[in-house]
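Below you'll find the structure, written out as structure tokens, and then a few comments.
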Amino acid sequence: MPTTVPAPTALDLTSIRAQFPSLAQTVDGHPAAFLDGPGGTQVPQRVIDAISNYLRHDNANTGGAYATSRRTDAMIAEARGAMADFLHCVADEVAFGPNMTTLTYAMSRAIGRELKPGDEIVVTRLDHDANVSPWLQMAQDRGITVRWAEIHDQDCTLDMADLASKINPNTKLVAAGYASNAVGTINPVKEIVALAHKVGALAYIDAVHYSPHGLIDVAALDCDFLACSTYKFFGPHMGVLFGKREHLKRFRPYKVRPNTNAIPNCWEWGTLNHECIAGIAACVEYFANLGRELTKMRVPHPFDRLRAGSSVLSKGGNDAAGTSGVTERRAAIEAAYEAIHEHERALLERMMSGLNKIPGLKIYGITDPARFHERCATLAIRIPGHTPLELATQLGERGFFTWDGNYYALNLTEHLDVEKSGGFLRIGLVHYNTTEEVDRLLAAMREIVGE
Ligand SMILES: Cc1ncc(COP(=O)(O)O)c(C=O)c1O
């Protein structure tokens with residue numbers, strides 16, 4: 001073990017992993033190692049229970065004058081409050097949808113309604129296509145100009161000087177990712193938002209990849225919109241969109257006539273996946289409980305507020321926010337992320353140092369440990385003589401779940417000229433992964449490359 005690896009972290013991995021039933025699986029006698037978090041994470045038992053309990057007891061449409069429908073309304077309000085704490089905003093700034101892509105398409109149409117030829121938008125070469133194509137297609141429909149922010153090829157970071165040069169008084173929107181789902185780079189989002197705001201443009205942030213790794217604070221970022229997907233941070237397959245209240249009120253959604261004009265409902269189409277929304281509240285509680293255990297905070301029952309009939313939210317979170325603007329739940333979530341960050345950092349250092357010893361292996365993105373605060377523990381690699389698919393298949397047979405290809409970060413794989421030869425092998429580490437899994441993966445890789 002290299003000396004640079006920090007001491008074990010505060011996370012109790014045994015207790016954490018025991019909460020995720022799927023982690024105990026085996027593949028042909030090999031323990032399964034879920035290194036596919038960037039594609040979707042596993043869920044703790046409390047999320048599974050919340051989903052099945054909703055279906056068992058409360059399953060109904062919204063707005064009805066009867067018990068299960070009222071409980072469904074209350075549950076959705078609770079989930080919004082939970083997400084408001086998770087993102088650090090107000091509950092009516094949180095809209096639910098099937099996934100980030102759908103929400104982004106919808107918002108791009110509404111924003112596009114107000115744009116005209118001569119207006120410009122900025123997208124980046126590093127982003128997942130879900131934060132690119134909706135904007136390109138909207139731009140095509142509206143006859144507006146698209147400018148691309150490029151990357152530094154050697155470390156796959158955004159070229160901030162280039163980004164700044166693409167923003168001008170005609171810019172109406174800057175769409176950027178919080179972190180790259182391919183190479184793990186974390187972008188300086190606050191700086192990007194400030195650059196957009198300097199010319200009066202909107203900042204639309206894709207936080208899908210960042211969300212399992214780092215605390216999101218939309219108030220501090222001052223972004224106009226931020227989209228994420230709960231299935232990437234230990235919740236169900238759903239998308240969540242934060243929009244500043246002023247924008248959600250002012251932009252006009254395409255929607256059916258009977259749908260209310262009230263925010264955030266006017267940004268939600270048709271009947272939502274209620275059972276998954278029940279799972280979202282439980283997923284936020286998973287983070288909060290982790291934080292509470294770490295800091296030995298008071299542990300209120302997740303539905304205390306619901307039982308008390310309170311759904312009034314104050315700025316910065318919910319009714320318990322107090323003057324600091326941080327609720328007890330938000331503070332617990334912050335504590336959880338601190339420990340998650342520390343654990344992932346240790347895993348990253350161990351993984352990086354092991355991968356570096358495999359002859360010919362190339363790691364894309366930031367590799368200098370002194371700059372690890374600029375990246376997540378998501379590694380894109382290539383090994384000469386082995387396609388990413390071959391590697392993923394051989395690892396899969398040994399119980400390691402990795403991914404190959406472009407993961408929809410298509411503009412990046414094309415730009416780096418790896419698209420035609422299979423993209424990258426992606427190894428994604430999240431907080432439920434262990435140092436033992438890292439060591440086993442490294443041994444399996446060495447075996448596959450014939451070391
Ligand atoms: C960075 C990033 N953005 C957007 C998406 C699309 O999210 P969704 O599947 O919720 O539409 C993904 C999915 O992998 C992603 O990794």
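Ordering of the structure tokens sets the chain letters (A, B, ...), residue numbers begin anew at 1 in every chain, and ligands are numbered from 1 in the order given.
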| task | Around ligand 1, at most 6 Å away and counting only C-alpha atoms and all ligand atoms, which residues are there? Put them as a count of residues only, please. | result | 13
| request: From the DSSP assignment of the backbone, select every residue of stretch 342-422 of chain A that is strand (DSSP E), and format the answer as a count of residues only. | output: 13
| said: List as an MDAnalysis selection string the protein and nucleic acid residues near A:Ala179, meaning an atom at most 10 Å away when only C-alpha atoms are counted, but skip any in the same chain fewer than 6 places from it. | reply: chainID A and resid 126:128 157 185:189 205:211 213:214 374:376 378
| request: Rank A:Met75, A:Leu173, A:Cys266, A:Ile111 by their smallest atom-to-atom distance to A:Ala203, using only C-alpha atoms, and report the top residue only. | output: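 Under the stated criterion, the closest residue is A:Leu173.
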| field | Contact residues around A:Ser133 with only C-alpha atoms at 12 Å, ignoring same-chain residues under 6 positions, as a list in words | value | Thr101, Thr102, Thr104, Tyr105, Ser108, Arg109, Val122, Val123, Thr124, Arg125, Asp127, Ala139, Gln140, Val146, Ala175, Tyr408, Ala409, Leu410 and Asn411 of chain A
| DSSP on the backbone: what in stretch 151-204 of chain A comes out alpha helix (DSSP H), as a list in words? |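 So the alpha helix (DSSP H) residues in stretch 151-204 of chain A would be Met160, Ala161, Asp162, Leu163, Ala164, Ser165, Lys166, Val189, Lys190, Glu191, Ile192, Val193, Ala194, Leu195, Ala196, His197 and Lys198 of chain A.
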| query | A:Asp36, A:Pro236, A:Gly63, A:Met160: which is nearest A:Ala50, counting only C-alpha atoms? | reply |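 Checking each candidate against A:Ala50, we get A:Pro236 as the closest.
The residue set within 9 Å of stretch 17-26 of chain A, counting only C-alpha atoms and dropping same-chain residues fewer than 2 places from it, reads Asp12, Leu13, Thr14, Ser15, Asp28, Gly29, His30, Pro31, Ala32, Ala33, Phe34, Gln42, Val43, Pro44, Gln45, Arg46, Gly399, Tyr432 and Asn433 of chain A.
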| task | Extract, using only C-alpha atoms, all DNA, RNA and protein residues at most 10 Å from A:Leu221, discarding same-chain residues fewer than 3 positions from it, and format them as a PyMOL selection string. | result | chain A and resi 188-194+203+205+216-218+224+226
| What is the atom CA of A:Asn289-atom CA of A:Val90 distance in Å, reported with one decimal? |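 Separation between atom CA of A:Asn289 and atom CA of A:Val90: 21.0 Å.
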| query | Pick the closest to A:Val240 from A:Ile167, A:Ile340, A:Ala227, A:Ala74: which is it, counting only C-alpha atoms? | reply |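 Closest residue, counting only C-alpha atoms: A:Ala227.
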| said: Restricting the calculation to only C-alpha atoms: of A:Val256, A:Ala336, A:Leu389, A:Leu379, which residue gets closest to A:Val284? | reply: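 Looking at the shortest contact to A:Val284, the residue is A:Ala336.
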